[in-house]
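**Q** My file is entry.pdb. It has PDB, C-alpha atoms:
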```pdb
ATOM      1  CA  MET F   1     134.978 113.290 119.896
ATOM      2  CA  ILE F   2     132.327 113.048 117.255
ATOM      3  CA  SER F   3     132.990 111.433 113.928
ATOM      4  CA  SER F   4     129.700 111.589 112.154
ATOM      5  CA  ASP F   5     128.870 110.952 108.565
ATOM      6  CA  ILE F   6     127.333 114.387 108.337
ATOM      7  CA  ILE F   7     130.664 116.048 108.982
ATOM      8  CA  ARG F   8     132.435 113.637 106.693
ATOM      9  CA  GLY F   9     130.122 114.588 103.881
ATOM     10  CA  HIS F  10     131.129 118.230 104.214
ATOM     11  CA  LEU F  11     134.844 117.885 104.791
ATOM     12  CA  GLU F  12     135.582 119.036 101.264
ATOM     13  CA  SER F  13     133.754 122.300 101.877
ATOM     14  CA  VAL F  14     135.408 122.758 105.276
ATOM     15  CA  ILE F  15     138.892 122.332 103.885
ATOM     16  CA  LEU F  16     138.167 124.541 100.889
ATOM     17  CA  LYS F  17     136.967 127.279 103.227
ATOM     18  CA  LEU F  18     140.099 127.102 105.373
ATOM     19  CA  ILE F  19     142.285 127.281 102.282
ATOM     20  CA  ILE F  20     140.306 130.231 100.934
ATOM     21  CA  GLU F  21     140.918 132.092 104.205
ATOM     22  CA  LYS F  22     144.628 131.400 104.108
ATOM     23  CA  ASP F  23     147.066 129.132 102.276
ATOM     24  CA  MET F  24     147.856 126.222 104.553
ATOM     25  CA  TYR F  25     149.861 123.025 104.650
ATOM     26  CA  GLY F  26     148.522 119.637 105.676
ATOM     27  CA  TYR F  27     149.256 119.505 109.378
ATOM     28  CA  GLU F  28     148.335 123.152 109.817
ATOM     29  CA  ILE F  29     144.841 122.349 108.550
ATOM     30  CA  SER F  30     144.315 119.488 110.994
ATOM     31  CA  ASN F  31     145.708 121.575 113.844
ATOM     32  CA  TYR F  32     143.528 124.501 112.928
ATOM     33  CA  ILE F  33     140.404 122.332 112.847
ATOM     34  CA  SER F  34     141.128 120.922 116.317
ATOM     35  CA  ASP F  35     141.848 124.391 117.724
ATOM     36  CA  LYS F  36     138.864 126.064 116.196
ATOM     37  CA  THR F  37     136.418 123.417 117.361
ATOM     38  CA  GLU F  38     138.153 123.198 120.770
ATOM     39  CA  ASN F  39     138.828 119.511 120.166
ATOM     40  CA  ARG F  40     135.187 118.696 119.648
ATOM     41  CA  PHE F  41     136.173 117.492 116.218
ATOM     42  CA  ASN F  42     139.561 116.071 115.320
ATOM     43  CA  ILE F  43     140.211 115.109 111.760
ATOM     44  CA  LYS F  44     142.335 112.018 111.275
ATOM     45  CA  GLU F  45     145.316 112.663 109.070
ATOM     46  CA  ALA F  46     144.356 109.709 106.909
ATOM     47  CA  THR F  47     140.989 111.291 106.179
ATOM     48  CA  LEU F  48     142.461 114.740 105.679
ATOM     49  CA  TYR F  49     145.036 113.639 103.158
ATOM     50  CA  SER F  50     142.505 111.666 101.182
ATOM     51  CA  VAL F  51     140.269 114.727 100.943
ATOM     52  CA  ILE F  52     143.221 116.896  99.958
ATOM     53  CA  ALA F  53     144.277 114.397  97.314
ATOM     54  CA  ARG F  54     140.766 114.394  95.924
ATOM     55  CA  LEU F  55     140.501 118.180  95.857
ATOM     56  CA  GLN F  56     143.846 118.360  94.138
ATOM     57  CA  LYS F  57     142.800 115.809  91.553
ATOM     58  CA  LYS F  58     139.696 117.849  90.794
ATOM     59  CA  GLU F  59     141.936 120.918  90.484
ATOM     60  CA  LEU F  60     140.078 122.777  93.218
ATOM     61  CA  ILE F  61     143.290 123.444  95.104
ATOM     62  CA  SER F  62     146.880 123.496  93.938
ATOM     63  CA  PRO F  63     150.040 122.827  95.915
ATOM     64  CA  TYR F  64     153.207 124.863  96.007
ATOM     65  CA  ILE F  65     156.331 124.697  98.095
ATOM     66  CA  GLY F  66     156.554 127.624 100.481
ATOM     67  CA  GLU F  67     158.726 128.784 103.346
ATOM     68  CA  LYS F  68     157.365 128.611 106.830
ATOM     69  CA  SER F  69     157.646 131.807 108.874
ATOM     70  CA  HIS F  70     160.669 130.392 110.654
ATOM     71  CA  GLY F  71     162.644 127.647 109.023
ATOM     72  CA  GLY F  72     161.553 124.658 106.995
ATOM     73  CA  LYS F  73     159.781 124.260 103.706
ATOM     74  CA  ARG F  74     156.178 123.177 103.603
ATOM     75  CA  ARG F  75     153.859 122.052 100.841
ATOM     76  CA  TYR F  76     151.184 124.725 100.969
ATOM     77  CA  TYR F  77     147.843 124.535  99.238
ATOM     78  CA  THR F  78     146.147 127.452  97.571
ATOM     79  CA  ILE F  79     142.659 127.774  96.163
ATOM     80  CA  THR F  80     142.032 127.811  92.404
ATOM     81  CA  PRO F  81     139.226 129.839  90.754
ATOM     82  CA  LEU F  82     137.457 126.551  90.115
ATOM     83  CA  GLY F  83     137.784 125.702  93.783
ATOM     84  CA  LYS F  84     136.260 128.981  94.803
ATOM     85  CA  ALA F  85     133.288 128.495  92.500
ATOM     86  CA  TYR F  86     132.871 124.938  93.772
ATOM     87  CA  TYR F  87     132.956 126.169  97.351
ATOM     88  CA  GLU F  88     130.292 128.784  96.704
ATOM     89  CA  GLN F  89     128.099 126.116  95.169
ATOM     90  CA  LYS F  90     128.675 123.852  98.147
ATOM     91  CA  ILE F  91     127.859 126.552 100.670
ATOM     92  CA  ILE F  92     124.491 127.155  99.033
ATOM     93  CA  GLU F  93     123.871 123.432  99.218
ATOM     94  CA  TRP F  94     124.889 123.366 102.886
ATOM     95  CA  LYS F  95     122.553 126.200 103.811
ATOM     96  CA  GLU F  96     119.745 124.323 102.144
ATOM     97  CA  VAL F  97     120.574 121.102 103.988
ATOM     98  CA  LYS F  98     120.866 122.959 107.272
ATOM     99  CA  SER F  99     117.522 124.675 106.931
ATOM    100  CA  VAL F 100     115.812 121.444 105.931
ATOM    101  CA  LEU F 101     117.241 119.592 108.932
ATOM    102  CA  GLU F 102     116.368 122.413 111.253
ATOM    103  CA  THR F 103     112.818 122.428 110.032
ATOM    104  CA  LEU F 104     112.522 118.704 110.487
ATOM    105  CA  LEU F 105     114.433 118.072 113.680
ATOM    106  CA  GLU F 106     114.027 121.068 115.922
ATOM    107  CA  ASP F 107     111.275 121.495 118.443
ATOM    108  CA  LYS F 108     108.609 123.930 117.598
ATOM    109  CA  SER F 109     108.479 126.548 120.326
TER
ATOM    110  CA  MET J   1     162.327 109.934 108.806
ATOM    111  CA  ARG J   2     162.921 106.505 107.287
ATOM    112  CA  LYS J   3     160.453 105.236 109.829
ATOM    113  CA  ILE J   4     157.718 107.511 108.487
ATOM    114  CA  GLU J   5     158.424 106.429 104.946
ATOM    115  CA  ASN J   6     158.233 102.766 105.882
ATOM    116  CA  PHE J   7     155.048 103.334 107.831
ATOM    117  CA  VAL J   8     153.337 105.017 104.889
ATOM    118  CA  LYS J   9     154.540 102.362 102.458
ATOM    119  CA  HIS J  10     153.270  99.653 104.767
ATOM    120  CA  THR J  11     149.916 101.388 105.290
ATOM    121  CA  PHE J  12     149.239 101.678 101.585
ATOM    122  CA  LYS J  13     150.772  98.401 100.498
ATOM    123  CA  ASP J  14     147.472  97.002  99.219
ATOM    124  CA  VAL J  15     146.470 100.065  97.227
ATOM    125  CA  SER J  16     146.064  99.546  93.495
ATOM    126  CA  LYS J  17     149.100 100.428  91.378
ATOM    127  CA  GLU J  18     147.524 103.432  89.743
ATOM    128  CA  GLY J  19     148.622 106.588  91.538
ATOM    129  CA  LYS J  20     150.173 104.595  94.391
ATOM    130  CA  ALA J  21     153.640 106.128  94.198
ATOM    131  CA  GLU J  22     152.193 109.639  94.064
ATOM    132  CA  LEU J  23     149.933 108.906  97.027
ATOM    133  CA  ILE J  24     152.734 107.507  99.155
ATOM    134  CA  LYS J  25     154.946 110.447  98.320
ATOM    135  CA  SER J  26     152.428 113.131  99.206
ATOM    136  CA  VAL J  27     151.321 111.459 102.439
ATOM    137  CA  THR J  28     154.964 110.964 103.451
ATOM    138  CA  VAL J  29     155.729 114.624 102.804
ATOM    139  CA  SER J  30     152.738 115.749 104.871
ATOM    140  CA  LEU J  31     153.598 113.458 107.761
ATOM    141  CA  ILE J  32     157.218 114.588 107.782
ATOM    142  CA  GLU J  33     155.966 118.172 107.928
ATOM    143  CA  LYS J  34     153.922 117.236 110.940
ATOM    144  CA  VAL J  35     156.908 115.599 112.630
ATOM    145  CA  GLU J  36     159.024 118.698 111.989
ATOM    146  CA  ASP J  37     156.313 120.909 113.489
ATOM    147  CA  LEU J  38     156.098 118.708 116.555
ATOM    148  CA  ILE J  39     159.867 118.782 116.999
ATOM    149  CA  GLU J  40     159.728 122.562 116.798
ATOM    150  CA  LEU J  41     157.224 122.475 119.643
ATOM    151  CA  GLY J  42     159.832 120.715 121.739
ATOM    152  CA  MET J  43     159.287 117.003 121.253
ATOM    153  CA  THR J  44     162.097 114.610 120.598
ATOM    154  CA  GLU J  45     162.205 113.092 117.145
ATOM    155  CA  LYS J  46     161.118 109.705 118.452
ATOM    156  CA  GLU J  47     158.120 111.122 120.311
ATOM    157  CA  ALA J  48     157.110 113.174 117.308
ATOM    158  CA  ILE J  49     157.264 110.204 114.951
ATOM    159  CA  ASP J  50     155.266 108.036 117.349
ATOM    160  CA  LYS J  51     152.613 110.709 117.693
ATOM    161  CA  ALA J  52     152.336 111.226 113.949
ATOM    162  CA  VAL J  53     152.031 107.501 113.341
ATOM    163  CA  THR J  54     149.428 106.852 116.040
ATOM    164  CA  GLU J  55     147.299 109.810 115.042
ATOM    165  CA  PHE J  56     147.325 108.917 111.391
ATOM    166  CA  GLY J  57     144.412 106.499 111.471
ATOM    167  CA  THR J  58     143.950 103.582 109.154
ATOM    168  CA  VAL J  59     143.798 102.985 105.465
ATOM    169  CA  GLU J  60     140.014 102.579 105.913
ATOM    170  CA  ASP J  61     139.790 106.166 107.127
ATOM    171  CA  PHE J  62     141.651 107.187 104.046
ATOM    172  CA  PHE J  63     139.320 105.486 101.609
ATOM    173  CA  GLN J  64     136.066 105.782 103.476
ATOM    174  CA  VAL J  65     134.427 108.391 101.322
ATOM    175  CA  PRO J  66     135.263 107.479  97.724
ATOM    176  CA  GLU J  67     135.575 103.731  98.221
ATOM    177  CA  GLU J  68     132.055 103.222  99.499
ATOM    178  CA  LEU J  69     130.555 104.621  96.332
ATOM    179  CA  THR J  70     132.647 102.601  93.935
ATOM    180  CA  ARG J  71     132.042  99.415  95.868
ATOM    181  CA  LYS J  72     128.290  99.821  95.704
ATOM    182  CA  GLU J  73     128.498 100.708  92.032
ATOM    183  CA  LYS J  74     130.596  97.649  91.312
ATOM    184  CA  ARG J  75     128.232  95.359  93.158
ATOM    185  CA  ARG J  76     125.220  96.637  91.274
ATOM    186  CA  LYS J  77     126.995  95.864  88.035
ATOM    187  CA  THR J  78     127.654  92.291  89.055
ATOM    188  CA  MET J  79     124.045  91.832  90.156
ATOM    189  CA  ASN J  80     122.855  92.953  86.714
ATOM    190  CA  HIS J  81     125.403  90.662  85.191
ATOM    191  CA  TYR J  82     124.057  87.710  87.128
ATOM    192  CA  LYS J  83     120.531  88.524  86.072
ATOM    193  CA  ASN J  84     121.594  88.572  82.423
ATOM    194  CA  ASP J  85     123.309  85.221  82.919
ATOM    195  CA  LEU J  86     120.117  83.798  84.354
ATOM    196  CA  LEU J  87     118.047  85.083  81.436
ATOM    197  CA  PHE J  88     120.521  83.728  78.915
ATOM    198  CA  SER J  89     120.696  80.293  80.524
ATOM    199  CA  GLY J  90     116.895  80.165  80.865
ATOM    200  CA  VAL J  91     116.247  80.983  77.211
ATOM    201  CA  GLY J  92     119.080  78.683  76.124
ATOM    202  CA  SER J  93     117.761  75.687  78.017
ATOM    203  CA  ILE J  94     114.193  76.260  76.800
ATOM    204  CA  ILE J  95     115.450  76.173  73.200
ATOM    205  CA  ILE J  96     117.443  72.972  73.785
ATOM    206  CA  ILE J  97     114.570  71.277  75.590
ATOM    207  CA  SER J  98     112.084  72.158  72.849
ATOM    208  CA  ILE J  99     114.412  70.736  70.201
ATOM    209  CA  LEU J 100     114.686  67.558  72.280
ATOM    210  CA  LEU J 101     110.913  67.406  72.696
ATOM    211  CA  TYR J 102     110.341  67.894  68.985
ATOM    212  CA  THR J 103     112.861  65.204  68.030
ATOM    213  CA  ASN J 104     111.370  62.846  70.589
ATOM    214  CA  LEU J 105     107.759  63.282  69.454
ATOM    215  CA  TYR J 106     108.710  63.195  65.781
ATOM    216  CA  PHE J 107     110.814  60.045  65.751
ATOM    217  CA  ASN J 108     109.615  57.853  68.618
ATOM    218  CA  PRO J 109     106.567  59.275  70.419
ATOM    219  CA  SER J 110     106.006  55.985  72.291
ATOM    220  CA  ILE J 111     109.000  56.515  74.664
ATOM    221  CA  LEU J 112     109.363  59.912  76.357
ATOM    222  CA  TRP J 113     113.194  59.806  76.523
ATOM    223  CA  PHE J 114     113.559  63.582  76.196
ATOM    224  CA  VAL J 115     112.956  63.967  79.949
ATOM    225  CA  ILE J 116     116.372  62.544  80.826
ATOM    226  CA  PRO J 117     118.566  64.987  78.834
ATOM    227  CA  SER J 118     116.173  67.789  79.796
ATOM    228  CA  ILE J 119     116.961  67.269  83.470
ATOM    229  CA  ALA J 120     120.655  67.496  82.652
ATOM    230  CA  VAL J 121     120.110  70.729  80.711
ATOM    231  CA  LEU J 122     118.065  72.223  83.556
ATOM    232  CA  TRP J 123     121.167  72.205  85.782
ATOM    233  CA  TRP J 124     122.472  75.088  83.745
ATOM    234  CA  PRO J 125     119.894  77.743  84.753
ATOM    235  CA  LEU J 126     119.621  76.182  88.221
ATOM    236  CA  ALA J 127     123.318  76.676  88.852
ATOM    237  CA  ILE J 128     123.085  80.285  87.727
ATOM    238  CA  LEU J 129     120.035  80.865  89.930
ATOM    239  CA  TYR J 130     121.913  79.386  92.879
ATOM    240  CA  ASN J 131     124.745  81.809  92.268
ATOM    241  CA  LEU J 132     122.400  84.768  92.024
ATOM    242  CA  LEU J 133     120.618  83.909  95.255
ATOM    243  CA  ASN J 134     123.943  83.475  97.052
ATOM    244  CA  LYS J 135     125.066  86.874  95.819
ATOM    245  CA  ARG J 136     121.847  88.456  97.100
ATOM    246  CA  GLU J 137     122.263  86.824 100.488
ATOM    247  CA  ASN J 138     125.827  88.113 100.759
ATOM    248  CA  ARG J 139     124.662  91.581  99.905
ATOM    249  CA  LYS J 140     121.995  91.501 102.598
ATOM    250  CA  GLU J 141     124.532  90.422 105.188
ATOM    251  CA  GLU J 142     126.925  93.161 104.190
ATOM    252  CA  ASN J 143     124.199  95.759 104.408
ATOM    253  CA  ASP J 144     123.229  94.545 107.862
ATOM    254  CA  GLU J 145     126.736  94.972 109.218
TER
END
```
Written as structure tokens, how would this file's structure read?

**A**
Amino acid sequence: MISSDIIRGHLESVILKLIIEKDMYGYEISNYISDKTENRFNIKEATLYSVIARLQKKELISPYIGEKSHGGKRRYYTITPLGKAYYEQKIIEWKEVKSVLETLLEDKS
Amino acid sequence: MRKIENFVKHTFKDVSKEGKAELIKSVTVSLIEKVEDLIELGMTEKEAIDKAVTEFGTVEDFFQVPEELTRKEKRRKTMNHYKNDLLFSGVGSIIIISILLYTNLYFNPSILWFVIPSIAVLWWPLAILYNLLNKRENRKEENDE
């Protein structure tokens, strides 16, 4: 399992993207990340909740109590307009970072 | 579910007062959600709680991102503070020593007694300098880790 600083620096964007796709609750997000990356990256709950708390404080996402498809209540998070704008900004930044790193690190063929 | 609550409270026991209750509440809620999900998948309650607790990580994981920034920021402030202290003590002792020198030369230039109190006064900036150098050394060590 990798746990690099590079990923950590972009966790906000990752979580915003997942919430834009679909409203999710805490554990669903961590599960989804593990599934999607086929366990190559597992987010620790401690890290996840701190990112969520930060996003919520910045009013990029907002919580609401929702019903799960079968049974219990969950605290779901949904994206705010501000969050969406922030995410779009971040994705531009990420593309820039990615292209810079690719230019610098990859072999010239 | 008491167990989860106690675990979260214990994990965050050293967090500063501000926002602590809110933090504990939201983390507890999220962890309980996880436990409920795991039970739905067929685990016993005990297994589910154990899994949630072991997978949680540490309080360091929780604060890794924001804390690092504030700590560096704080340290830079203290370094500037120490430098100001050094400047202040340096200027202060120069003023005192020149007054001593003046008094000495004016009233009894035959005996250079001003040297003695001057040495005493010099301990002031020296002590501050010692502190500053210690602080720097600590910072280097921390950066090396």

**Q** Quick one: pull the distance between atom CA of F:Gly83 and atom CA of F:Lys36, Å, one decimal.

**A**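 Spanning atom CA of F:Gly83 to atom CA of F:Lys36 is a straight-line distance of 22.4 Å.
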
**Q** Up to 6 Å from chain J, what residues of chain F turn up? Count only C-alpha atoms and give them as a list in words.

**A**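 Here is what falls inside 6 Å: Gly26, Tyr27, Lys44, Glu45, Ala46, Thr47 and Ser50 of chain F.
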
**Q** Skipping near chain neighbours, those fewer than 6 positions away, what residues fall within 12 Å of J:Ala120 using all atoms listed in the file, listed as a list in words?

**A**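 Once the nearby chain positions are removed, what remains is Ser93, Ile96, Ile97, Leu100, Phe114, Leu126 and Ala127 of chain J.
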
**Q** When you draw a straight line from atom CA of F:Asn39 to atom CA of J:Ile49, how long is it in Å?

**A** 21.3 Å

**Q** Taking the file above as input, evaluate the PyMOL selection byres ((chain J and resi 7-17) around 8) and report the hits as an NGL selection string.

**A** :J and (3-6 or 18-21 or 24 or 27-28 or 53 or 58-59)

**Q** For atom CA of F:Lys95 and atom CA of F:Asp23, quote the distance in Å rounded to one decimal.

**A**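 We find that atom CA of F:Lys95 and atom CA of F:Asp23 lie 24.7 Å from each other.
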
**Q** Could you pull the residues within 12 Å of J:Gly90, counting all atoms listed in the file, minus those fewer than 2 positions along the same chain, as a ChimeraX atom specification?

**A** /J:83-88,92-97,121-129
